Amino acid sequence: MLLRYCHMAAGRMLRAPLLQSGCGHHARWRLRQETSVKLRTYIVEDNATIRENLIGTLEELADVEAVGMAETEDEGKDWLSTNAGEWDLAIVDLFLRQGSGLGVLAACRNRNAGQKMVVLSNYATPDVRMRCAQLGVDAVFDKSNEIDALVDYCIEHSSQQAASRQMTS
């Protein structure tokens, strides 16, 4: 049975069965199976429950493969820079156990053109979105109400990766 993200409140992500009838995610899920590649994704999130549920949801719905995770700014910066060719997408929370997601974003400003950085935060205010844009972030998603948009973004990026790989092979 497929599961999908339902609601996040007070730092807790819940998942519920994905129904086949009338569900937009089901059609997108079938489409992405045919047109995408696995996105090698690195997660910078200090809340283990959110991180685990996010990974499970994205692996099921958006063809994401988690290649690593960090709970602190230093861990995130170190892995992303040391393994520069090993990831396609980084999902970064702004408030971490140590440091800030902004430091991770700044450290990845000179990443490869095909690598995407997105922010997933409870604090996706207009000011935060502007600061993230200044740091070269590709998208910002609010944990409380934009998880579906994050899933859609991952599906789209995965499809673009597949097309890019087909053109180079």
# chains A, B, ... in the order shown; residues from 1 in each chain; ligands from 1

$ select_by_dssp --residues "segment 19-153 of chain A" --states "strand (DSSP E or B)" --output "ChimeraX atom specification"
/A:39-44,64-70,72,89-92,95,98,100,116-121,139-142

$ closest_atom_pairs --of "segment 70-142 of chain A" --to "segment 39-43 of chain A" --cutoff "7 Å" --atoms "only C-alpha atoms" --output "CSV"
residue,atom,partner,partner_atom,distance
A:Ala70,CA,A:Ile43,CA,6.4
A:Trp87,CA,A:Arg40,CA,4.8
A:Asp88,CA,A:Arg40,CA,5.1
A:Leu89,CA,A:Thr41,CA,4.7
A:Ala90,CA,A:Tyr42,CA,4.7
A:Ile91,CA,A:Ile43,CA,5.0
A:Val92,CA,A:Ile43,CA,6.1

$ write_last_selection --atoms "N, CA and C atoms" --output "CSV table (one decimal), in the first residue's frame"
chain,number,residue,atom,x,y,z
A,70,ALA,N,22.0,14.9,7.7
A,70,ALA,CA,22.8,15.6,8.8
A,70,ALA,C,21.8,16.3,9.7
A,87,TRP,N,25.3,14.0,-5.2
A,87,TRP,CA,23.9,14.4,-4.9
A,87,TRP,C,23.3,15.2,-6.0
A,88,ASP,N,22.0,15.1,-6.1
A,88,ASP,CA,21.2,15.9,-7.1
A,88,ASP,C,20.4,17.0,-6.4
A,89,LEU,N,19.9,16.7,-5.2
A,89,LEU,CA,19.0,17.6,-4.4
A,89,LEU,C,19.4,17.6,-3.0
A,90,ALA,N,19.4,18.7,-2.4
A,90,ALA,CA,19.6,18.9,-0.9
A,90,ALA,C,18.3,19.6,-0.4
A,91,ILE,N,17.8,19.0,0.7
A,91,ILE,CA,16.6,19.6,1.3
A,91,ILE,C,17.1,20.0,2.7
A,92,VAL,N,17.0,21.3,3.0
A,92,VAL,CA,17.6,21.9,4.2
A,92,VAL,C,16.6,22.6,5.1

$ closest_residue --among "A:Glu45, A:Glu60, A:Glu156, A:Glu146" --to "Leu94 of chain A" --atoms "only C-alpha atoms"
A:Glu45

$ select_by_dssp --residues "segment 26-156 of chain A" --states "alpha helix (DSSP H)" --output "ChimeraX atom specification"
/A:26-35,48-61,73-82,101-107,126-134,147-156

$ residues_around --residues "Cys132 of chain A" --least-positions-apart "4" --cutoff "9 Å" --atoms "only C-alpha atoms" --output "PDB file with N, CA and C atoms, in the first residue's frame"
ATOM      1  N   LEU A 102      21.118  28.223   6.916  1.00  0.00           N
ATOM      2  CA  LEU A 102      21.641  29.290   6.060  1.00  0.00           C
ATOM      3  C   LEU A 102      23.127  29.094   5.782  1.00  0.00           C
ATOM      4  N   LEU A 105      23.394  26.466   3.101  1.00  0.00           N
ATOM      5  CA  LEU A 105      23.042  27.050   1.799  1.00  0.00           C
ATOM      6  C   LEU A 105      24.191  27.884   1.247  1.00  0.00           C
ATOM      7  N   VAL A 118      16.866  23.120  -1.839  1.00  0.00           N
ATOM      8  CA  VAL A 118      15.572  23.626  -1.415  1.00  0.00           C
ATOM      9  C   VAL A 118      15.547  23.711   0.105  1.00  0.00           C
ATOM     10  N   VAL A 119      14.729  24.604   0.596  1.00  0.00           N
ATOM     11  CA  VAL A 119      14.541  24.786   2.028  1.00  0.00           C
ATOM     12  C   VAL A 119      13.159  24.266   2.385  1.00  0.00           C
ATOM     13  N   ASP A 127      10.467  37.314   4.286  1.00  0.00           N
ATOM     14  CA  ASP A 127      11.863  37.697   4.539  1.00  0.00           C
ATOM     15  C   ASP A 127      12.808  36.494   4.423  1.00  0.00           C
ATOM     16  N   VAL A 128      12.391  35.364   4.951  1.00  0.00           N
ATOM     17  CA  VAL A 128      13.214  34.151   4.862  1.00  0.00           C
ATOM     18  C   VAL A 128      13.335  33.717   3.408  1.00  0.00           C
ATOM     19  N   GLY A 136      20.937  31.677  -3.334  1.00  0.00           N
ATOM     20  CA  GLY A 136      20.891  30.790  -4.493  1.00  0.00           C
ATOM     21  C   GLY A 136      20.006  29.571  -4.344  1.00  0.00           C
ATOM     22  N   VAL A 137      19.090  29.589  -3.396  1.00  0.00           N
ATOM     23  CA  VAL A 137      18.179  28.466  -3.195  1.00  0.00           C
ATOM     24  C   VAL A 137      17.210  28.386  -4.367  1.00  0.00           C
ATOM     25  N   ASP A 138      16.902  27.170  -4.786  1.00  0.00           N
ATOM     26  CA  ASP A 138      16.006  26.963  -5.920  1.00  0.00           C
ATOM     27  C   ASP A 138      14.536  27.052  -5.539  1.00  0.00           C
ATOM     28  N   ALA A 139      14.197  26.711  -4.302  1.00  0.00           N
ATOM     29  CA  ALA A 139      12.800  26.779  -3.865  1.00  0.00           C
ATOM     30  C   ALA A 139      12.751  26.743  -2.342  1.00  0.00           C
ATOM     31  N   VAL A 140      11.670  27.296  -1.793  1.00  0.00           N
ATOM     32  CA  VAL A 140      11.424  27.273  -0.352  1.00  0.00           C
ATOM     33  C   VAL A 140      10.021  26.726  -0.140  1.00  0.00           C
TER      34      VAL A 140
END

$ closest_residue --among "A:Glu59, A:Thr125, A:Gly103, A:Ile50" --to "Asp74 of chain A" --atoms "only C-alpha atoms"
A:Gly103
